[in-house]
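Below is input-v4.txt, which holds compact mmCIF, C-alpha atoms.
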# COMPACT_ATOMS: atom_id res chain seq x y z
CA MET A 1 -53.69 32.41 6.55
CA LEU A 2 -51.44 30.72 4.09
CA ASN A 3 -48.80 33.38 4.75
CA VAL A 4 -48.93 32.85 8.49
CA ARG A 5 -48.36 29.17 8.04
CA LEU A 6 -45.39 29.70 5.83
CA ARG A 7 -43.77 32.01 8.35
CA ALA A 8 -44.45 29.53 11.13
CA TYR A 9 -42.20 27.11 9.36
CA LYS A 10 -38.76 28.39 10.32
CA ARG A 11 -36.19 27.71 7.67
CA PRO A 12 -33.02 26.23 9.12
CA HIS A 13 -30.13 28.61 9.60
CA ARG A 14 -27.88 28.70 6.55
CA GLY A 15 -24.82 27.85 8.63
CA ALA A 16 -26.48 24.70 9.90
CA VAL A 17 -27.22 23.52 6.38
CA VAL A 18 -23.64 24.06 5.28
CA GLY A 19 -22.33 22.43 8.47
CA GLY A 20 -24.58 19.44 8.00
CA PHE A 21 -23.35 19.09 4.46
CA TRP A 22 -19.71 19.00 5.60
CA VAL A 23 -20.41 16.40 8.28
CA ILE A 24 -22.05 14.13 5.73
CA PHE A 25 -19.26 14.84 3.22
CA ALA A 26 -16.57 14.02 5.79
CA LEU A 27 -18.31 10.77 6.70
CA ALA A 28 -18.55 9.90 3.01
CA VAL A 29 -14.85 10.61 2.52
CA LEU A 30 -13.97 8.49 5.57
CA VAL A 31 -15.44 5.53 3.74
CA GLY A 32 -12.60 5.98 1.28
CA CYS A 33 -9.99 5.58 4.05
CA GLY A 34 -8.95 2.05 3.27
CA PRO A 35 -5.60 0.49 4.10
CA ASN A 36 -4.18 1.78 0.79
CA MET A 37 -1.26 3.60 2.37
CA GLN A 38 -0.58 0.65 4.60
CA ARG A 39 0.16 -1.69 1.73
CA GLN A 40 1.50 0.43 -1.07
CA PRO A 41 1.91 -0.95 -4.58
CA ARG A 42 5.64 -1.53 -4.30
CA TYR A 43 7.76 -4.44 -3.15
CA GLN A 44 9.26 -4.35 0.30
CA PRO A 45 12.11 -6.76 1.09
CA TYR A 46 11.00 -10.40 0.98
CA ASP A 47 7.50 -9.62 -0.29
CA ALA A 48 5.90 -12.37 -2.31
CA SER A 49 5.26 -11.66 -5.98
CA GLN A 50 2.61 -12.89 -8.34
CA PHE A 51 4.55 -11.64 -11.32
CA PHE A 52 7.65 -13.80 -11.15
CA PRO A 53 7.29 -17.58 -11.60
CA ASP A 54 9.19 -18.48 -8.42
CA GLY A 55 6.83 -16.33 -6.38
CA THR A 56 9.41 -14.03 -4.81
CA SER A 57 10.16 -10.36 -5.44
CA SER A 58 13.85 -10.76 -4.55
CA ARG A 59 15.51 -11.31 -7.91
CA PRO A 60 18.75 -13.15 -8.63
CA LEU A 61 21.35 -11.45 -10.81
CA GLU A 62 20.67 -11.69 -14.56
CA ALA A 63 22.94 -14.15 -16.35
CA ASP A 64 26.22 -12.65 -17.61
CA THR A 65 25.93 -9.47 -15.58
CA VAL A 66 28.27 -8.20 -12.90
CA SER A 67 27.30 -5.47 -10.49
CA ARG A 68 29.92 -2.78 -10.09
CA GLU A 69 30.94 -3.70 -6.58
CA ASN A 70 31.35 -7.31 -7.65
CA LEU A 71 33.90 -6.69 -10.39
CA HIS A 72 36.59 -8.70 -8.68
CA THR A 73 39.85 -8.30 -10.52
CA ASP A 74 42.04 -8.96 -7.48
CA THR A 75 42.16 -12.77 -7.70
CA LEU A 76 44.04 -13.26 -4.42
CA ARG A 77 41.51 -11.23 -2.48
CA TYR A 78 38.44 -12.84 -4.03
CA THR A 79 39.55 -16.43 -4.69
CA GLY A 80 42.39 -16.98 -2.23
CA LYS A 81 44.53 -18.22 -5.11
CA ILE A 82 47.57 -17.00 -7.02
CA ASN A 83 47.94 -18.53 -10.48
CA GLY A 84 45.37 -21.17 -9.59
CA LYS A 85 47.19 -22.31 -6.46
CA LEU A 86 46.02 -21.61 -2.90
CA ALA A 87 48.07 -18.72 -1.61
CA ASP A 88 49.73 -18.49 1.76
CA THR A 89 49.68 -14.70 2.02
CA PHE A 90 46.98 -12.29 3.08
CA PRO A 91 45.68 -9.62 0.70
CA LEU A 92 44.87 -7.38 3.67
CA PRO A 93 47.26 -6.22 6.40
CA VAL A 94 46.79 -8.50 9.40
CA THR A 95 46.05 -6.01 12.15
CA ARG A 96 44.54 -6.27 15.59
CA ASP A 97 41.24 -4.97 14.12
CA LEU A 98 41.20 -7.72 11.51
CA LEU A 99 41.77 -10.36 14.19
CA THR A 100 39.02 -8.90 16.39
CA ARG A 101 36.66 -8.95 13.44
CA GLY A 102 37.76 -12.51 12.64
CA HIS A 103 37.16 -13.61 16.21
CA GLU A 104 33.62 -12.20 16.11
CA ARG A 105 32.77 -13.75 12.71
CA TYR A 106 34.30 -17.09 13.70
CA GLY A 107 32.08 -17.11 16.77
CA ILE A 108 28.96 -16.51 14.67
CA TYR A 109 29.51 -18.79 11.69
CA CYS A 110 32.10 -21.44 12.56
CA ALA A 111 32.13 -22.05 16.33
CA PRO A 112 28.75 -23.88 16.39
CA CYS A 113 30.48 -26.80 14.61
CA HIS A 114 34.23 -26.25 14.93
CA GLY A 115 33.99 -25.19 18.57
CA PRO A 116 35.34 -21.97 20.10
CA LEU A 117 38.83 -23.51 20.23
CA GLY A 118 38.72 -25.01 16.76
CA ASP A 119 38.92 -28.56 18.05
CA GLY A 120 35.87 -29.65 16.02
CA ASN A 121 33.63 -30.21 19.02
CA GLY A 122 30.99 -27.49 18.74
CA VAL A 123 27.45 -27.70 20.06
CA ILE A 124 25.97 -28.81 16.70
CA VAL A 125 28.46 -31.68 16.57
CA GLN A 126 27.38 -32.71 20.06
CA ARG A 127 23.82 -32.85 18.68
CA GLY A 128 24.82 -35.27 15.95
CA PHE A 129 26.49 -33.41 13.08
CA SER A 130 29.58 -35.12 11.59
CA GLN A 131 32.69 -34.08 13.44
CA PRO A 132 34.95 -31.75 11.45
CA PRO A 133 38.72 -32.17 11.72
CA SER A 134 40.48 -30.20 14.43
CA PHE A 135 42.36 -27.11 13.21
CA HIS A 136 45.28 -28.20 15.34
CA THR A 137 46.45 -31.12 13.22
CA ASP A 138 49.74 -30.85 11.34
CA THR A 139 47.92 -30.90 7.99
CA LEU A 140 45.79 -27.87 8.75
CA ARG A 141 48.59 -26.04 10.59
CA ASN A 142 50.73 -26.30 7.50
CA ALA A 143 47.89 -25.57 5.09
CA PRO A 144 48.08 -22.27 3.22
CA ALA A 145 45.87 -19.43 4.50
CA GLY A 146 44.06 -19.48 1.15
CA LEU A 147 42.60 -22.90 2.06
CA PHE A 148 40.44 -21.38 4.79
CA PHE A 149 39.26 -18.72 2.38
CA ASP A 150 38.48 -21.37 -0.20
CA VAL A 151 36.63 -23.69 2.20
CA ILE A 152 34.41 -20.85 3.41
CA THR A 153 33.72 -19.79 -0.20
CA ASN A 154 33.07 -23.18 -1.77
CA GLY A 155 32.45 -25.54 1.11
CA TYR A 156 34.30 -28.79 1.66
CA GLY A 157 32.82 -32.29 1.68
CA LEU A 158 29.97 -32.29 4.18
CA MET A 159 30.43 -28.63 5.00
CA TYR A 160 28.24 -26.29 2.95
CA PRO A 161 29.62 -23.07 1.46
CA TYR A 162 29.25 -19.90 3.55
CA ALA A 163 29.88 -17.46 0.70
CA ALA A 164 26.36 -16.06 0.81
CA ARG A 165 26.72 -15.10 4.45
CA VAL A 166 30.41 -14.26 4.93
CA GLN A 167 31.75 -11.44 2.76
CA PRO A 168 35.24 -11.89 1.17
CA ASP A 169 37.10 -9.57 3.54
CA ASP A 170 35.46 -11.27 6.51
CA ARG A 171 36.65 -14.63 5.16
CA TRP A 172 40.22 -13.35 5.36
CA ALA A 173 39.55 -12.07 8.86
CA ILE A 174 38.37 -15.55 9.87
CA ALA A 175 41.39 -17.14 8.19
CA ALA A 176 43.68 -14.81 10.15
CA TYR A 177 41.86 -15.64 13.38
CA ILE A 178 42.14 -19.40 12.73
CA ARG A 179 45.89 -18.87 12.25
CA ALA A 180 45.94 -17.14 15.65
CA LEU A 181 43.95 -20.00 17.20
CA GLN A 182 46.42 -22.51 15.78
CA LEU A 183 49.34 -20.57 17.25
CA SER A 184 47.61 -20.31 20.61
CA GLN A 185 47.06 -24.06 20.83
CA HIS A 186 50.57 -24.87 19.68
CA ALA A 187 52.65 -22.32 21.50
CA THR A 188 55.88 -23.08 23.29
CA LEU A 189 57.63 -21.12 25.97
CA HIS A 190 59.82 -19.51 23.32
CA ASP A 191 56.80 -17.82 21.71
CA VAL A 192 56.36 -15.76 24.88
CA PRO A 193 58.38 -12.51 25.17
CA PRO A 194 61.57 -13.17 27.23
CA ASP A 195 60.58 -10.87 30.09
CA GLN A 196 57.31 -12.75 30.57
CA GLN A 197 58.84 -16.25 30.51
CA PRO A 198 59.80 -16.47 34.21
CA LYS A 199 56.22 -15.65 35.20
CA LEU A 200 54.92 -18.61 33.23
CA GLN A 201 57.56 -20.91 34.64
CA GLU A 202 56.58 -19.89 38.15
CA ALA A 203 52.95 -20.58 37.41
CA GLN A 204 53.76 -24.09 36.24
CA PRO A 205 53.17 -26.64 38.98
CA MET B 1 -53.56 24.41 -16.15
CA MET B 2 -52.02 27.28 -14.24
CA SER B 3 -55.37 28.78 -13.58
CA ASP B 4 -56.64 25.45 -12.28
CA GLU B 5 -53.99 25.29 -9.63
CA GLN B 6 -54.49 28.83 -8.56
CA GLN B 7 -58.12 28.07 -8.14
CA SER B 8 -57.44 25.13 -5.85
CA LEU B 9 -55.45 27.34 -3.45
CA PRO B 10 -58.34 28.56 -1.37
CA SER B 11 -59.22 24.99 -0.35
CA HIS B 12 -55.63 24.57 0.91
CA VAL B 13 -55.94 27.56 3.11
CA GLN B 14 -59.03 26.15 4.67
CA ILE B 15 -57.37 22.92 5.67
CA ASP B 16 -54.70 24.87 7.47
CA GLU B 17 -57.16 26.70 9.58
CA GLN B 18 -56.84 24.69 12.73
CA PRO B 19 -56.77 25.59 16.41
CA LEU B 20 -53.29 26.65 17.58
CA GLN B 21 -53.28 23.95 20.28
CA ARG B 22 -53.11 21.20 17.69
CA GLN B 23 -49.81 22.60 16.51
CA GLN B 24 -48.21 22.05 19.90
CA LEU B 25 -46.54 18.80 18.84
CA PHE B 26 -44.25 18.21 21.81
CA HIS B 27 -45.21 17.54 25.36
CA PRO B 28 -43.38 19.74 27.93
CA ARG B 29 -41.46 16.69 29.09
CA ALA B 30 -39.76 16.68 25.70
CA ASN B 31 -37.41 19.42 26.94
CA THR B 32 -35.82 17.04 29.43
CA VAL B 33 -35.66 14.31 26.83
CA ALA B 34 -33.88 16.68 24.49
CA LYS B 35 -31.33 17.71 27.10
CA VAL B 36 -30.66 14.13 28.17
CA SER B 37 -30.24 12.99 24.60
CA ILE B 38 -27.79 15.80 23.81
CA ILE B 39 -25.63 15.00 26.84
CA GLY B 40 -26.07 11.28 26.29
CA GLY B 41 -25.05 11.66 22.68
CA LEU B 42 -21.88 13.52 23.63
CA LEU B 43 -21.08 10.89 26.23
CA ALA B 44 -21.64 8.14 23.67
CA VAL B 45 -19.22 9.82 21.26
CA ALA B 46 -16.63 10.19 24.03
CA LEU B 47 -17.10 6.56 25.01
CA ALA B 48 -16.72 5.50 21.40
CA PHE B 49 -13.40 7.37 21.15
CA PHE B 50 -12.25 5.85 24.42
CA LEU B 51 -13.17 2.31 23.37
CA TRP B 52 -11.49 2.87 20.00
CA GLY B 53 -8.35 3.93 21.87
CA VAL B 54 -8.47 0.86 24.08
CA TYR B 55 -9.14 -1.37 21.09
CA THR B 56 -6.30 -0.03 18.93
CA ARG B 57 -3.87 -0.52 21.79
CA SER B 58 -5.07 -4.00 22.64
CA PRO B 59 -3.13 -7.09 21.60
CA TYR B 60 -6.18 -8.10 19.60
CA TYR B 61 -5.60 -5.15 17.27
CA THR B 62 -1.80 -4.72 17.40
CA GLY B 63 -1.12 -8.44 17.34
CA ALA B 64 1.27 -8.17 20.31
CA THR B 65 1.93 -11.47 22.11
CA VAL B 66 0.01 -13.41 19.47
CA THR B 67 1.97 -16.27 17.92
CA VAL B 68 1.89 -16.71 14.15
CA ASP B 69 1.60 -20.11 12.52
CA GLN B 70 4.50 -21.04 10.27
CA PRO B 71 5.02 -23.64 7.53
CA VAL B 72 7.82 -25.12 9.66
CA PRO B 73 7.52 -24.88 13.46
CA PHE B 74 10.82 -23.03 13.78
CA SER B 75 11.84 -22.44 17.39
CA HIS B 76 14.10 -19.59 18.51
CA LYS B 77 13.98 -21.15 21.97
CA HIS B 78 15.68 -24.23 20.57
CA HIS B 79 18.16 -22.60 18.21
CA VAL B 80 19.02 -19.43 20.16
CA GLY B 81 18.19 -20.24 23.77
CA GLU B 82 19.48 -23.81 23.88
CA LEU B 83 22.02 -24.09 21.07
CA GLY B 84 23.28 -20.51 21.50
CA ILE B 85 23.38 -19.72 17.78
CA ASP B 86 23.94 -16.03 17.05
CA CYS B 87 21.14 -14.07 15.32
CA ARG B 88 23.49 -13.18 12.49
CA MET B 89 23.95 -16.83 11.50
CA CYS B 90 20.43 -16.53 10.05
CA HIS B 91 19.55 -12.81 9.96
CA THR B 92 22.72 -11.94 8.10
CA SER B 93 22.07 -8.39 6.93
CA VAL B 94 20.87 -6.91 10.23
CA GLU B 95 24.12 -4.98 10.76
CA GLN B 96 24.35 -3.40 7.32
CA SER B 97 20.87 -2.82 5.98
CA ALA B 98 17.35 -1.74 6.70
CA SER B 99 16.03 -5.29 6.58
CA ALA B 100 17.33 -7.85 9.06
CA GLY B 101 17.25 -10.53 6.37
CA MET B 102 15.52 -13.88 6.51
CA PRO B 103 17.48 -17.13 6.28
CA ALA B 104 17.71 -18.78 2.87
CA THR B 105 16.80 -22.46 2.76
CA GLN B 106 20.49 -23.19 2.25
CA THR B 107 21.12 -21.72 5.71
CA CYS B 108 18.85 -24.30 7.35
CA MET B 109 20.47 -26.99 5.25
CA THR B 110 23.99 -26.25 6.52
CA CYS B 111 22.87 -28.07 9.67
CA HIS B 112 19.73 -29.93 8.65
CA SER B 113 21.44 -31.78 5.82
CA GLN B 114 22.32 -34.10 8.69
CA ILE B 115 20.38 -33.10 11.80
CA TRP B 116 16.81 -34.36 11.84
CA ALA B 117 17.32 -34.92 8.11
CA ASN B 118 14.47 -37.41 7.80
CA SER B 119 12.03 -35.73 10.13
CA PRO B 120 8.63 -34.86 8.62
CA VAL B 121 8.64 -31.42 10.36
CA LEU B 122 11.56 -30.48 8.17
CA ALA B 123 10.02 -31.85 4.97
CA PRO B 124 9.10 -28.35 3.66
CA VAL B 125 12.74 -27.28 4.13
CA HIS B 126 14.07 -30.21 2.10
CA GLU B 127 11.34 -29.71 -0.50
CA SER B 128 12.24 -26.04 -0.84
CA PHE B 129 15.93 -26.90 -1.18
CA ARG B 130 15.16 -29.36 -3.98
CA SER B 131 12.77 -27.10 -5.90
CA GLY B 132 14.40 -23.73 -5.28
CA VAL B 133 11.06 -22.19 -4.23
CA PRO B 134 11.68 -20.31 -0.99
CA ILE B 135 9.83 -21.17 2.21
CA ALA B 136 7.03 -18.61 2.67
CA TRP B 137 7.34 -17.52 6.31
CA ASN B 138 4.40 -15.59 7.68
CA ARG B 139 5.39 -12.17 8.90
CA VAL B 140 5.30 -11.47 12.60
CA TYR B 141 6.51 -7.85 12.65
CA GLU B 142 5.30 -5.55 9.92
CA LEU B 143 5.12 -1.78 9.74
CA PRO B 144 2.72 0.01 7.41
CA GLY B 145 4.24 1.12 4.09
CA TYR B 146 4.37 4.76 5.14
CA VAL B 147 6.81 4.16 8.00
CA TYR B 148 10.55 4.09 7.36
CA PHE B 149 12.52 1.75 9.58
CA ASN B 150 16.14 0.68 9.53
CA HIS B 151 17.80 -2.06 11.57
CA SER B 152 21.43 -1.12 11.00
CA ILE B 153 21.24 2.28 12.74
CA HIS B 154 19.64 0.72 15.83
CA VAL B 155 22.23 -2.06 15.96
CA GLN B 156 25.11 0.41 15.52
CA LYS B 157 23.75 2.66 18.27
CA GLY B 158 23.42 -0.10 20.82
CA ILE B 159 19.73 -1.03 20.80
CA GLY B 160 19.51 -4.74 21.58
CA CYS B 161 17.29 -7.10 19.61
CA VAL B 162 15.37 -7.95 22.78
CA SER B 163 14.45 -4.29 23.34
CA CYS B 164 12.20 -4.57 20.31
CA HIS B 165 11.61 -8.29 19.83
CA GLY B 166 11.32 -9.40 23.45
CA GLN B 167 12.77 -12.57 24.93
CA ILE B 168 12.83 -14.35 21.59
CA ASP B 169 15.23 -16.95 23.00
CA GLU B 170 12.33 -18.25 25.07
CA MET B 171 9.77 -18.44 22.26
CA PRO B 172 8.99 -21.88 20.83
CA LEU B 173 7.05 -20.05 18.11
CA THR B 174 7.75 -16.43 17.29
CA ALA B 175 5.24 -13.98 18.73
CA LYS B 176 5.16 -10.22 18.42
CA ALA B 177 6.43 -8.89 21.74
CA VAL B 178 5.58 -5.21 21.30
CA PRO B 179 2.59 -3.31 19.87
CA LEU B 180 4.68 -1.59 17.13
CA THR B 181 2.56 1.54 17.40
CA MET B 182 3.94 5.02 16.80
CA GLN B 183 3.67 5.67 20.51
CA TRP B 184 5.92 2.71 21.16
CA CYS B 185 8.66 3.97 18.81
CA LEU B 186 8.44 7.48 20.25
CA ASN B 187 8.67 6.19 23.78
CA CYS B 188 12.26 5.17 23.11
CA HIS B 189 13.13 7.99 20.70
CA ARG B 190 12.29 10.44 23.49
CA ALA B 191 14.55 8.72 26.01
CA PRO B 192 16.96 6.21 24.44
CA GLU B 193 19.07 6.17 27.63
CA LYS B 194 16.44 3.94 29.21
CA TYR B 195 17.06 1.15 26.70
CA ILE B 196 20.53 1.57 25.20
CA ARG B 197 23.28 -1.00 25.87
CA PRO B 198 26.94 -1.44 24.90
CA ARG B 199 27.31 -2.25 21.21
CA ASP B 200 28.80 -5.71 21.77
CA GLU B 201 25.81 -6.77 23.88
CA VAL B 202 23.24 -6.05 21.15
CA PHE B 203 22.88 -9.70 20.17
CA ASN B 204 23.05 -11.02 23.71
CA THR B 205 19.53 -11.98 24.75
CA ARG B 206 20.46 -12.42 28.41
CA TRP B 207 22.20 -9.10 29.06
CA VAL B 208 20.96 -7.08 32.04
CA ALA B 209 22.10 -3.60 32.96
CA GLN B 210 23.64 -2.89 36.35
CA ASP B 211 22.54 0.74 36.43
CA GLN B 212 20.67 1.48 33.23
CA LEU B 213 20.22 5.24 33.56
CA THR B 214 23.79 6.14 34.51
CA GLN B 215 25.29 3.84 31.93
CA GLY B 216 22.62 4.77 29.39
CA ARG B 217 23.37 8.49 29.60
CA LYS B 218 27.05 7.79 29.09
CA LEU B 219 26.40 5.55 26.07
CA VAL B 220 24.08 8.13 24.50
CA ASP B 221 27.03 10.53 24.71
CA ASP B 222 29.60 8.00 23.51
CA TYR B 223 27.52 6.99 20.50
CA HIS B 224 26.75 10.63 19.61
CA ILE B 225 23.01 10.22 19.74
CA VAL B 226 21.51 13.65 19.21
CA ALA B 227 18.80 14.11 21.81
CA GLY B 228 16.58 17.16 22.14
CA GLY B 229 13.70 16.21 19.91
CA ARG B 230 15.50 15.44 16.68
CA LEU B 231 14.53 11.78 16.93
CA THR B 232 10.86 12.67 17.28
CA ASN B 233 10.70 14.72 14.07
CA CYS B 234 7.95 13.34 11.87
CA SER B 235 10.33 13.11 8.92
CA ILE B 236 12.61 10.66 10.73
CA CYS B 237 10.03 7.91 10.31
CA HIS B 238 7.70 9.28 7.65
CA ARG B 239 9.95 10.18 4.74
Taking this structure as input, can you express it in the form of structure tokens?
Amino acid sequence: MLNVRLRAYKRPHRGAVVGGFWVIFALAVLVGCGPNMQRQPRYQPYDASQFFPDGTSSRPLEADTVSRENLHTDTLRYTGKINGKLADTFPLPVTRDLLTRGHERYGIYCAPCHGPLGDGNGVIVQRGFSQPPSFHTDTLRNAPAGLFFDVITNGYGLMYPYAARVQPDDRWAIAAYIRALQLSQHATLHDVPPDQQPKLQEAQP
Amino acid sequence: MMSDEQQSLPSHVQIDEQPLQRQQLFHPRANTVAKVSIIGGLLAVALAFFLWGVYTRSPYYTGATVTVDQPVPFSHKHHVGELGIDCRMCHTSVEQSASAGMPATQTCMTCHSQIWANSPVLAPVHESFRSGVPIAWNRVYELPGYVYFNHSIHVQKGIGCVSCHGQIDEMPLTAKAVPLTMQWCLNCHRAPEKYIRPRDEVFNTRWVAQDQLTQGRKLVDDYHIVAGGRLTNCSICHR
């Protein structure tokens, strides 16, 4: 009788046992699926840091070090000065591309205060910021181009420096564009090509 | 010991001698119960998958349209929508690098040294400027670490900020405008012509296309965007 009983108990199929094991194993492994890959142990830009005292992972340059692309030996191009005096030449060829670039950068960084025309009446000034001088005064028209480079780099009076946001070559592009603005607001009939002059005279009321 | 156990076996056998009927544990109805529970179980699993799908696409999970609290209630509506300040005034590196860049405290101070200078809302900005400890903005958009993303390529190829960040010029507090799921990225990578715009309109939050598809196809050509599945290769985003 004992034998009968033992046979009555049907042992589970071997495949089912193995299958069951894998299901349980897979479930157990799933438990290990945390967000580890989501937040990997490395800094991404602007991540906070518990290691550095100021709490940020973005590090300033070590003292007395110069990164290769910042080895600026061309003083005119990177300071706007020749022998310590503001220069009135451009270190880059003033092309149409440079002016287009200057126009764009001026619109982003300067126009909010200096206004699209450079008259010092931008939207931020209308909201209460001190009014900057117009670019169309004799002083600024006669100022060397290096002045604009220098003001963007180091700031001037109430105006903060923009060096962190405007790269050196872009500063020259802006300077060139301001020169163009000054010409445009101070042009006479003789600045227009001779064949175009009659057209303008006709248009005048 | 061994012999003791062997001797107890016969009594075991006797206990097992029971009428066969007793061994019929399940009532006939159990068959139906078994069938119903198998089908029901499968349905439950399917439902669970479905609900999981709905859940992982819901704003509750992806964070879309949910505003994030910030140490200073900075408003893009005010600065971009009303004052018309360009994104690049503050997010300087968006054209050249993977990260768009977050404004340094000095950037706020170029205007707020005078504007609203004594307002308590701006106190953390002034405090940060004095102490040199940056303002800790809470992130609104964040991809998992295993996804590679780069702003500059999208800006260069004419994908506007609003295509991915929504009408940010109307947000008093920044909210995530899109789910940022893989499906969402692929949706555009499969058909960029539906979203692309001329390069100089990338920063314009108010730009609307006249005829998106016609113009889009032309721009995809002009900007040499390689279609045909290259942009959906896994290794484009998981490198």
Considering only C-alpha atoms, state which residue in the set B:Ile115, B:Val147, B:Met109, B:Val133 is at the smallest distance from Ile124 of chain A.
B:Ile115
Given a cut-off of 9 Å, which residues of chain B touch chain A, counting all atoms listed in the file, written out as an NGL selection string?
:B and (12-14 or 16-17 or 83-90 or 92-93 or 99 or 101-102 or 106-107 or 109-115 or 132-134 or 136 or 143-147)
Residues near Asp169 of chain A, anyone? I mean within 9 Å using only C-alpha atoms, not counting same-chain ones fewer than 6 positions away, as a PyMOL selection string.
chain A and resi 77-78+92
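Each of B:Leu213, B:Ala177, B:Val125, B:Val66 was checked against Val162 of chain B using only C-alpha atoms; the smallest atom-to-atom distance is that of B:Ala177.
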Please determine the residues with any atom at most 7 Å from (6.7, -21.8, 18.3) (coordinates as given in the file, with all atoms listed in the file counting) and report them as JSON, numbers by chain.
{"B": [73, 74, 75, 171, 172, 173, 174]}
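For the pair atom CA of Thr89 of chain A and atom CA of Asp170 of chain A, the separation is 15.3 Å.
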